[in-house]
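Student: Input structure: data.txt, which contains compact mmCIF, C-alpha atoms and all ligand atoms.
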# COMPACT_ATOMS: atom_id res chain seq x y z
CA MET M 1 2.41 -19.80 -15.65
CA PRO M 2 -0.41 -20.39 -13.13
CA VAL M 3 -2.84 -17.46 -13.23
CA GLU M 4 -5.17 -18.26 -10.34
CA GLU M 5 -2.77 -16.57 -7.90
CA PHE M 6 -3.15 -13.34 -9.92
CA VAL M 7 -6.97 -13.51 -9.78
CA ALA M 8 -7.02 -14.41 -6.07
CA GLY M 9 -4.54 -11.57 -5.42
CA TRP M 10 -6.81 -9.10 -7.19
CA ILE M 11 -10.02 -10.10 -5.35
CA SER M 12 -8.31 -10.26 -1.96
CA GLY M 13 -6.53 -6.94 -2.61
CA ALA M 14 -9.87 -5.26 -3.41
CA LEU M 15 -11.47 -6.57 -0.19
CA GLY M 16 -8.55 -5.36 1.92
CA LEU M 17 -8.55 -2.04 0.15
CA VAL M 18 -12.18 -1.17 0.91
CA LEU M 19 -11.61 -2.00 4.58
CA GLY M 20 -8.41 0.05 4.80
CA HIS M 21 -9.21 3.12 2.68
CA PRO M 22 -10.48 5.42 5.50
CA PHE M 23 -7.29 4.69 7.51
CA ASP M 24 -5.24 5.31 4.38
CA THR M 25 -6.80 8.74 3.79
CA VAL M 26 -5.99 9.82 7.37
CA LYS M 27 -2.43 8.49 6.98
CA VAL M 28 -1.75 10.31 3.70
CA ARG M 29 -3.06 13.59 5.12
CA LEU M 30 -0.99 13.28 8.32
CA GLN M 31 2.14 12.57 6.29
CA THR M 32 1.80 15.43 3.84
CA GLN M 33 -0.09 18.21 5.64
CA THR M 34 0.91 20.02 8.80
CA THR M 35 -2.55 21.30 9.78
CA TYR M 36 -3.48 18.28 11.90
CA GLN M 37 -2.44 17.65 15.51
CA GLY M 38 -2.82 13.89 15.31
CA ILE M 39 -5.02 11.03 14.18
CA ILE M 40 -8.13 12.08 16.12
CA ASP M 41 -7.79 15.73 15.06
CA CYS M 42 -7.45 14.66 11.43
CA MET M 43 -10.49 12.36 11.69
CA VAL M 44 -12.65 15.00 13.38
CA LYS M 45 -11.67 17.73 10.89
CA THR M 46 -12.20 15.43 7.92
CA TYR M 47 -15.63 14.41 9.21
CA ARG M 48 -16.72 17.99 10.05
CA HIS M 49 -15.51 19.48 6.81
CA GLU M 50 -16.22 16.67 4.34
CA SER M 51 -18.59 14.23 6.15
CA LEU M 52 -18.00 10.45 6.10
CA LEU M 53 -17.48 10.65 2.34
CA GLY M 54 -14.19 12.49 2.96
CA PHE M 55 -12.66 9.23 4.25
CA PHE M 56 -13.57 7.44 1.05
CA LYS M 57 -12.17 10.03 -1.36
CA GLY M 58 -10.43 8.47 -4.32
CA MET M 59 -11.49 4.90 -3.41
CA SER M 60 -13.22 3.80 -6.63
CA PHE M 61 -10.02 4.27 -8.54
CA PRO M 62 -7.76 2.12 -6.29
CA ILE M 63 -10.29 -0.72 -6.43
CA VAL M 64 -9.74 -1.16 -10.15
CA SER M 65 -6.08 -0.14 -10.21
CA ILE M 66 -4.27 -0.82 -6.93
CA ALA M 67 -6.16 -4.08 -6.42
CA VAL M 68 -4.88 -5.17 -9.83
CA VAL M 69 -1.38 -4.29 -8.64
CA ASN M 70 -1.97 -6.53 -5.61
CA SER M 71 -2.63 -9.31 -8.10
CA ILE M 72 0.81 -8.65 -9.61
CA LEU M 73 2.37 -8.90 -6.14
CA PHE M 74 0.74 -12.22 -5.24
CA GLY M 75 0.99 -13.64 -8.76
CA VAL M 76 4.68 -12.79 -9.16
CA TYR M 77 5.45 -13.99 -5.62
CA SER M 78 3.87 -17.38 -6.21
CA ASN M 79 5.38 -17.81 -9.67
CA ALA M 80 8.84 -16.75 -8.40
CA LEU M 81 8.55 -19.46 -5.73
CA LEU M 82 7.55 -21.92 -8.43
CA VAL M 83 10.73 -21.06 -10.34
CA LEU M 84 12.92 -21.16 -7.22
CA THR M 85 11.53 -24.31 -5.58
CA ALA M 86 9.61 -26.12 -8.34
CA THR M 87 6.55 -26.39 -6.07
CA SER M 88 3.03 -25.12 -6.76
CA HIS M 89 0.92 -23.29 -4.17
CA GLN M 90 -0.86 -26.57 -3.26
CA GLU M 91 2.42 -28.45 -2.76
CA ARG M 92 4.04 -25.85 -0.52
CA ARG M 93 2.47 -27.02 2.76
CA ALA M 94 3.96 -30.50 2.33
CA GLN M 95 7.29 -29.15 1.01
CA PRO M 96 7.70 -25.71 2.59
CA PRO M 97 10.15 -23.38 0.80
CA SER M 98 13.14 -22.00 2.73
CA TYR M 99 12.78 -18.52 4.21
CA THR M 100 15.52 -17.29 1.85
CA HIS M 101 13.41 -18.37 -1.13
CA VAL M 102 10.31 -16.78 0.40
CA PHE M 103 12.25 -13.53 0.94
CA ILE M 104 13.64 -13.45 -2.61
CA ALA M 105 10.22 -14.21 -4.12
CA GLY M 106 8.63 -11.48 -1.93
CA CYS M 107 11.27 -8.91 -2.95
CA THR M 108 10.74 -9.81 -6.63
CA GLY M 109 6.98 -9.34 -6.26
CA GLY M 110 7.54 -6.07 -4.38
CA PHE M 111 9.93 -4.70 -7.00
CA LEU M 112 7.63 -5.45 -9.95
CA GLN M 113 4.46 -4.28 -8.24
CA ALA M 114 6.11 -0.98 -7.19
CA TYR M 115 6.76 -0.01 -10.78
CA CYS M 116 3.16 -0.72 -11.83
CA LEU M 117 1.79 0.89 -8.67
CA ALA M 118 3.66 4.21 -9.04
CA PRO M 119 1.24 6.20 -11.28
CA PHE M 120 -1.88 4.80 -9.56
CA ASP M 121 -0.52 5.52 -6.10
CA LEU M 122 0.40 9.06 -7.16
CA ILE M 123 -3.16 9.74 -8.33
CA LYS M 124 -4.60 8.22 -5.14
CA VAL M 125 -2.37 10.40 -2.93
CA ARG M 126 -3.20 13.57 -4.88
CA LEU M 127 -6.96 12.90 -4.67
CA GLN M 128 -6.81 11.99 -0.98
CA ASN M 129 -5.06 15.27 -0.26
CA GLN M 130 -7.87 17.38 -1.67
CA THR M 131 -9.57 18.63 1.46
CA GLU M 132 -12.37 20.60 -0.23
CA PRO M 133 -15.88 19.38 0.65
CA ARG M 134 -17.83 17.70 -2.15
CA ALA M 135 -18.95 20.13 -4.89
CA GLN M 136 -21.40 22.69 -3.57
CA PRO M 137 -23.20 25.27 -5.70
CA GLY M 138 -21.06 28.41 -6.04
CA SER M 139 -17.89 26.90 -4.55
CA PRO M 140 -14.81 26.62 -6.79
CA PRO M 141 -14.28 23.10 -8.16
CA PRO M 142 -11.43 21.07 -6.66
CA ARG M 143 -8.16 21.04 -8.64
CA TYR M 144 -8.77 17.46 -9.76
CA GLN M 145 -12.29 16.38 -10.70
CA GLY M 146 -11.53 12.67 -10.62
CA PRO M 147 -8.80 10.14 -11.35
CA VAL M 148 -8.82 10.57 -15.14
CA HIS M 149 -8.77 14.35 -14.86
CA CYS M 150 -5.99 14.07 -12.27
CA ALA M 151 -3.88 11.83 -14.55
CA ALA M 152 -4.47 14.12 -17.55
CA SER M 153 -3.59 17.26 -15.53
CA ILE M 154 -0.35 15.75 -14.22
CA PHE M 155 0.53 14.58 -17.73
CA GLN M 156 -0.15 18.05 -19.18
CA ALA M 157 1.71 19.93 -16.46
CA GLU M 158 4.68 17.61 -15.93
CA GLY M 159 4.79 15.22 -18.88
CA PRO M 160 4.87 11.40 -18.64
CA ARG M 161 7.67 11.49 -16.05
CA GLY M 162 5.35 13.44 -13.77
CA LEU M 163 3.19 10.33 -13.43
CA PHE M 164 6.18 8.49 -11.96
CA ARG M 165 6.94 11.09 -9.29
CA GLY M 166 8.05 9.27 -6.14
CA ALA M 167 8.50 5.96 -8.02
CA TRP M 168 12.06 5.48 -6.76
CA ALA M 169 11.04 5.93 -3.15
CA LEU M 170 8.15 3.53 -3.75
CA THR M 171 10.47 0.87 -5.21
CA LEU M 172 12.90 1.23 -2.32
CA ARG M 173 9.97 1.03 0.09
CA ASP M 174 8.38 -2.07 -1.43
CA THR M 175 11.26 -4.30 -2.50
CA PRO M 176 12.66 -5.29 0.91
CA THR M 177 9.46 -4.78 2.90
CA LEU M 178 7.50 -7.23 0.77
CA GLY M 179 10.21 -9.80 1.37
CA ILE M 180 9.67 -9.17 5.10
CA TYR M 181 5.89 -9.34 4.56
CA PHE M 182 5.87 -12.87 3.14
CA VAL M 183 8.59 -14.19 5.51
CA THR M 184 6.58 -12.96 8.54
CA TYR M 185 3.40 -14.54 7.19
CA GLU M 186 5.06 -17.89 6.47
CA TRP M 187 6.95 -17.95 9.78
CA LEU M 188 3.82 -17.25 11.86
CA CYS M 189 1.76 -19.82 9.93
CA ARG M 190 4.43 -22.50 10.42
CA GLN M 191 4.76 -21.72 14.17
CA SER M 192 1.14 -22.59 14.85
CA THR M 193 0.43 -25.31 12.26
CA PRO M 194 1.47 -28.99 12.47
CA ASP M 195 3.88 -29.95 9.66
CA GLY M 196 2.25 -30.62 6.30
CA GLN M 197 -1.18 -29.22 7.29
CA ASN M 198 -2.94 -26.09 6.09
CA PRO M 199 -3.10 -23.25 8.64
CA SER M 200 -6.51 -22.64 10.24
CA SER M 201 -8.50 -19.51 9.32
CA ALA M 202 -7.64 -17.96 12.70
CA THR M 203 -3.93 -18.57 12.08
CA VAL M 204 -4.14 -17.04 8.58
CA LEU M 205 -5.95 -13.97 9.98
CA VAL M 206 -3.39 -13.40 12.75
CA ALA M 207 -0.34 -14.19 10.56
CA GLY M 208 -1.66 -11.96 7.74
CA GLY M 209 -2.40 -9.13 10.20
CA PHE M 210 1.07 -9.26 11.77
CA ALA M 211 2.74 -9.60 8.36
CA GLY M 212 0.97 -6.36 7.44
CA ILE M 213 2.08 -4.59 10.63
CA THR M 214 5.72 -5.74 10.38
CA SER M 215 6.03 -4.74 6.75
CA TRP M 216 4.35 -1.36 7.23
CA VAL M 217 6.41 -0.51 10.32
CA THR M 218 9.58 -1.05 8.27
CA ALA M 219 8.07 0.71 5.26
CA THR M 220 6.87 3.87 7.03
CA PRO M 221 10.09 6.01 6.76
CA LEU M 222 10.20 5.59 2.99
CA ASP M 223 6.42 5.85 2.81
CA VAL M 224 6.66 9.39 4.25
CA ILE M 225 9.34 10.36 1.73
CA LYS M 226 7.36 8.79 -1.12
CA SER M 227 4.17 10.68 -0.23
CA ARG M 228 6.06 13.97 0.06
CA MET M 229 7.75 13.53 -3.29
CA GLN M 230 4.39 12.72 -4.85
CA MET M 231 2.89 15.95 -3.49
CA ALA M 232 5.94 18.06 -4.32
CA GLY M 233 4.74 18.89 -7.84
CA LEU M 234 1.75 20.67 -6.31
CA GLU M 235 3.22 22.39 -3.32
CA GLN M 236 5.76 25.16 -2.96
CA ARG M 237 8.30 22.59 -1.76
CA ALA M 238 10.41 21.22 -4.59
CA TYR M 239 12.93 18.46 -3.95
CA ARG M 240 15.98 17.80 -6.11
CA GLY M 241 15.63 14.08 -5.51
CA LEU M 242 14.99 11.44 -2.88
CA LEU M 243 18.02 12.33 -0.76
CA ASP M 244 17.16 16.02 -0.84
CA CYS M 245 13.65 15.17 0.37
CA VAL M 246 15.10 13.07 3.23
CA VAL M 247 17.58 15.78 4.27
CA SER M 248 15.20 18.73 4.08
CA SER M 249 12.40 16.83 5.88
CA VAL M 250 14.78 15.89 8.74
CA ARG M 251 16.20 19.44 8.91
CA GLN M 252 12.76 20.99 9.19
CA GLU M 253 10.98 18.43 11.35
CA GLY M 254 13.61 16.24 13.02
CA LEU M 255 13.98 12.45 12.88
CA GLY M 256 10.40 12.02 14.09
CA VAL M 257 9.28 12.82 10.55
CA PHE M 258 10.08 9.23 9.55
CA PHE M 259 7.45 7.94 11.93
CA ARG M 260 4.61 10.14 10.73
CA GLY M 261 1.60 7.97 10.15
CA LEU M 262 3.20 4.95 11.87
CA THR M 263 0.32 4.35 14.30
CA ILE M 264 -2.36 4.72 11.66
CA ASN M 265 -0.33 2.63 9.20
CA SER M 266 -0.13 -0.20 11.76
CA ALA M 267 -3.79 0.08 12.78
CA ARG M 268 -4.76 -0.12 9.12
CA ALA M 269 -2.29 -2.89 8.29
CA PHE M 270 -3.75 -5.52 10.63
CA PRO M 271 -7.37 -5.77 9.36
CA VAL M 272 -6.41 -5.09 5.73
CA ASN M 273 -3.81 -7.83 5.53
CA ALA M 274 -5.71 -10.29 7.72
CA VAL M 275 -8.60 -10.08 5.24
CA THR M 276 -6.28 -10.06 2.21
CA PHE M 277 -4.49 -13.28 3.23
CA LEU M 278 -7.66 -15.03 4.43
CA SER M 279 -9.50 -14.38 1.17
CA TYR M 280 -6.40 -15.23 -0.90
CA GLU M 281 -5.91 -18.59 0.83
CA TYR M 282 -9.64 -19.32 0.78
CA LEU M 283 -9.95 -18.63 -2.97
CA LEU M 284 -6.92 -20.73 -3.88
CA HIS M 285 -8.11 -23.55 -1.60
CA SER M 286 -11.63 -23.57 -3.08
CA TRP M 287 -10.29 -23.55 -6.65
CA GLY M 288 -8.36 -26.69 -5.74
C1 LIG A 1 4.64 -2.61 3.31
N1 LIG A 1 3.91 -2.80 2.11
C2 LIG A 1 4.19 -1.92 1.01
C3 LIG A 1 3.01 -3.82 1.98
N2 LIG A 1 2.81 -4.61 2.89
N3 LIG A 1 2.40 -3.96 0.84
C4 LIG A 1 1.48 -5.06 0.57
C5 LIG A 1 0.17 -4.45 0.46
C6 LIG A 1 -0.88 -5.26 1.08
C7 LIG A 1 -2.13 -4.50 1.33
N4 LIG A 1 -2.81 -4.21 0.12
C8 LIG A 1 -1.89 -3.23 2.11
O1 LIG A 1 -2.15 -2.16 1.54
O2 LIG A 1 -1.48 -3.27 3.25
I need this file expressed as structure tokens, please.

Tutor:
Amino acid sequence: MPVEEFVAGWISGALGLVLGHPFDTVKVRLQTQTTYQGIIDCMVKTYRHESLLGFFKGMSFPIVSIAVVNSILFGVYSNALLVLTATSHQERRAQPPSYTHVFIAGCTGGFLQAYCLAPFDLIKVRLQNQTEPRAQPGSPPPRYQGPVHCAASIFQAEGPRGLFRGAWALTLRDTPTLGIYFVTYEWLCRQSTPDGQNPSSATVLVAGGFAGITSWVTATPLDVIKSRMQMAGLEQRAYRGLLDCVVSSVRQEGLGVFFRGLTINSARAFPVNAVTFLSYEYLLHSWG
């Protein structure tokens, strides 16, 4: 099993993550808290209350965890294509796989990464939702003092299953949308690249950016549900399951609830995925 795709996926995931984390914090807060009137309001309040550091809350942890999950996504995707088409990454420009194979390989990567991502994503969302300013003398400490403390507290309060809160919604979000992600990327690359040649850096940037936007636009409804289920253990709201979360969110806030965070998700998706794909392709190309 070729491993370079896993390593390239990890490095490129970490680069994209640093670039996208401030957008991600605003998105998570908009999806789970009702105190903000929109993106700008959320940004201004976060800055005033918590300074620039507020946007980077919980980032160190995703770099070593979620970026590793990105390596699972890209590694499984490439190895699934190897199984389906018997072509390596280097051979795929000369013998491009069918879009059906790309979709199946993307869904497989999405399904497996979702399961590994679930506990890490839960901890990220819980830390991002802590709106207290950084520790000041005399002020009460935040509920979670860091990722390890957060994981231990969830484990103590809710048991091991607590760490997988929202995992179903995450799997349903990621399985089809990662199929869409890789199909969009491949399709856009092939549209602007002569047969058999490697896409230019500009093409990779644009195709990666739009792949990110397309997949996140389709993922946003389940992303909202996932984030709410992940916060449900903490808040008064308790859902009996995914469907209950969907129904009660729509009853209370209307269908618009599914589009919460859509703009910020899309704005974040372009630069993050442009950089992710560019660095991924570059690394694999330079390793031969
Ligand atoms: C729609 N979904 C779930 C995705 N496109 N996932 C792939 C993640 C790529 C990048 N790290 C990001 O966070 O956008």

Student: Choose the residue, out of M:Val275, M:Val246, M:Leu178, M:Ala238, that has the smallest atom-to-atom separation from ligand LIG 1 (chain A); count all atoms listed in the file.

Tutor: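 Ranking M:Val275, M:Val246, M:Leu178, M:Ala238 by distance to ligand LIG 1 (chain A), first place goes to M:Leu178.
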
Student: Which residues form the shell of 8 Å around ligand LIG 1 (chain A) when you count only C-alpha atoms and all ligand atoms, given as a ChimeraX atom specification?

Tutor: /M:13-14,16-17,20,66-67,70,73,110,173-174,177-178,181,211-220,268-269,272-273,276

Student: Between M:Gln252, M:Ser78, M:Ser286, M:Pro176, which has the minimum distance to Glu91 in chain M (counting all atoms listed in the file)?

Tutor: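 Of the candidates, the smallest distance to Glu91 in chain M is held by M:Ser78.
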
Student: Got a sec: who's within 10 Å of Gly256 in chain M, counting only C-alpha atoms, leaving out chain neighbours fewer than 6 positions off, as number ranges by chain?

Tutor: M: 221, 249-250

Student: Around all listed atoms of range 18-28 of chain M, padded 5 Å per side, what centre and edge lengths does the axis-aligned box have in Å to one decimal, as JSON?

Tutor:
{"center_x": -7.0, "center_y": 4.2, "center_z": 4.2, "size_x": 20.4, "size_y": 22.3, "size_z": 16.6}

Student: Would you mind listing what lies within 8 Å of Phe103 in chain M as a PyMOL selection string, with only C-alpha atoms counted and same-chain residues fewer than 5 positions away left out?

Tutor: chain M and resi 178-180+182-183

Student: Would you be able to write out as a list in words which residues have an atom within 12 Å of (-2.6, 9.2, 16.1) in the file's coordinates, counting all atoms listed in the file?

Tutor: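 Looking at atoms near the point gives Phe23, Val26, Lys27, Arg29, Leu30, Gln31, Tyr36, Gln37, Gly38, Ile39, Ile40, Asp41, Cys42, Met43, Val44, Phe259, Arg260, Gly261, Leu262, Thr263, Ile264, Asn265, Ser266, Ala267 and Arg268 of chain M.
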
Student: For the selection you just gave me, I'd like the residues written to a file as a PDB file, in the coordinates of the input, keeping C-alpha atoms.

Tutor:
ATOM      1  CA  PHE M  23      -7.290   4.690   7.510  1.00  0.00           C
ATOM      2  CA  VAL M  26      -5.990   9.820   7.370  1.00  0.00           C
ATOM      3  CA  LYS M  27      -2.430   8.490   6.980  1.00  0.00           C
ATOM      4  CA  ARG M  29      -3.060  13.590   5.120  1.00  0.00           C
ATOM      5  CA  LEU M  30      -0.990  13.280   8.320  1.00  0.00           C
ATOM      6  CA  GLN M  31       2.140  12.570   6.290  1.00  0.00           C
ATOM      7  CA  TYR M  36      -3.480  18.280  11.900  1.00  0.00           C
ATOM      8  CA  GLN M  37      -2.440  17.650  15.510  1.00  0.00           C
ATOM      9  CA  GLY M  38      -2.820  13.890  15.310  1.00  0.00           C
ATOM     10  CA  ILE M  39      -5.020  11.030  14.180  1.00  0.00           C
ATOM     11  CA  ILE M  40      -8.130  12.080  16.120  1.00  0.00           C
ATOM     12  CA  ASP M  41      -7.790  15.730  15.060  1.00  0.00           C
ATOM     13  CA  CYS M  42      -7.450  14.660  11.430  1.00  0.00           C
ATOM     14  CA  MET M  43     -10.490  12.360  11.690  1.00  0.00           C
ATOM     15  CA  VAL M  44     -12.650  15.000  13.380  1.00  0.00           C
ATOM     16  CA  PHE M 259       7.450   7.940  11.930  1.00  0.00           C
ATOM     17  CA  ARG M 260       4.610  10.140  10.730  1.00  0.00           C
ATOM     18  CA  GLY M 261       1.600   7.970  10.150  1.00  0.00           C
ATOM     19  CA  LEU M 262       3.200   4.950  11.870  1.00  0.00           C
ATOM     20  CA  THR M 263       0.320   4.350  14.300  1.00  0.00           C
ATOM     21  CA  ILE M 264      -2.360   4.720  11.660  1.00  0.00           C
ATOM     22  CA  ASN M 265      -0.330   2.630   9.200  1.00  0.00           C
ATOM     23  CA  SER M 266      -0.130  -0.200  11.760  1.00  0.00           C
ATOM     24  CA  ALA M 267      -3.790   0.080  12.780  1.00  0.00           C
ATOM     25  CA  ARG M 268      -4.760  -0.120   9.120  1.00  0.00           C
TER      26      ARG M 268
END

Student: Compare M:Pro160, M:Pro147, M:Pro96, M:Pro199 by their minimum atom-to-atom distance to Glu281 in chain M, counting all atoms listed in the file, and give me the closest one.

Tutor: M:Pro199

Student: Nearest to Val83 in chain M among M:Pro140, M:Pro2, M:Gly159, M:Pro22, with distances taken over only C-alpha atoms: which residue is it?

Tutor: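 Between M:Pro140, M:Pro2, M:Gly159, M:Pro22, the residue approaching Val83 in chain M most closely is M:Pro2.
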
Student: If you measure from CA of Leu122 in chain M to CA of Ser279 in chain M, what distance in Å do you get, rounded to one decimal?

Tutor: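 Going from CA of Leu122 in chain M over to CA of Ser279 in chain M covers 26.8 Å.
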
Student: Grab the CA of Tyr144 in chain M to CA of Leu222 in chain M distance for me, in Å with one decimal place.

Tutor: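 Here the two named atoms are 25.8 Å from each other.
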
Student: Mind checking which residues fall within 12 Å of Gly54 in chain M, counting only C-alpha atoms, ignoring those fewer than 3 positions away in the same chain, and posting them as an NGL selection string?

Tutor: :M and (21-26 or 29 or 42-51 or 57-59 or 127-135)

Student: Could you please determine the separation between CA of Glu253 in chain M and CA of Arg165 in chain M in Å, to one decimal place?

Tutor: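 Result for CA of Glu253 in chain M versus CA of Arg165 in chain M: 22.3 Å, one decimal.
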
Student: Using all atoms listed in the file, which residue out of M:Ser248, M:Ser201, M:Thr85, M:Gln145 lies closest to Ile104 in chain M?

Tutor: M:Thr85

Student: Give the answer as one residue: which of M:Ala202, M:Leu242, M:Ala207, M:Ile154 has the shortest atom-to-atom distance to Trp168 in chain M, using all atoms listed in the file?

Tutor: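 Answer, going by the shortest atom-to-atom distance: M:Leu242.
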
Student: For Cys116 in chain M, please output as an mmCIF file with C-alpha atoms, keeping the file's coordinate frame all residues within 9 Å (counting only C-alpha atoms; exclusion window: fewer than 2 positions along the same chain).

Tutor:
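Saved result, result.cif, follows:
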data_model
loop_
_atom_site.group_PDB
_atom_site.id
_atom_site.type_symbol
_atom_site.label_atom_id
_atom_site.label_comp_id
_atom_site.auth_asym_id
_atom_site.auth_seq_id
_atom_site.Cartn_x
_atom_site.Cartn_y
_atom_site.Cartn_z
ATOM 1 C CA ILE M 66 -4.270 -0.820 -6.930
ATOM 2 C CA VAL M 69 -1.380 -4.290 -8.640
ATOM 3 C CA ILE M 72 0.810 -8.650 -9.610
ATOM 4 C CA LEU M 112 7.630 -5.450 -9.950
ATOM 5 C CA GLN M 113 4.460 -4.280 -8.240
ATOM 6 C CA ALA M 114 6.110 -0.980 -7.190
ATOM 7 C CA ALA M 118 3.660 4.210 -9.040
ATOM 8 C CA PRO M 119 1.240 6.200 -11.280
ATOM 9 C CA PHE M 120 -1.880 4.800 -9.560
#

Student: So that I can check the surroundings of Met231 in chain M, please list as a VMD selection string every protein, DNA and RNA residue that reaches within 9 Å of it, counting only C-alpha atoms and ignoring chain neighbours fewer than 4 positions away.

Tutor: chain M and resid 32 122 125 to 126 129 165 to 166 226 to 227 235 237
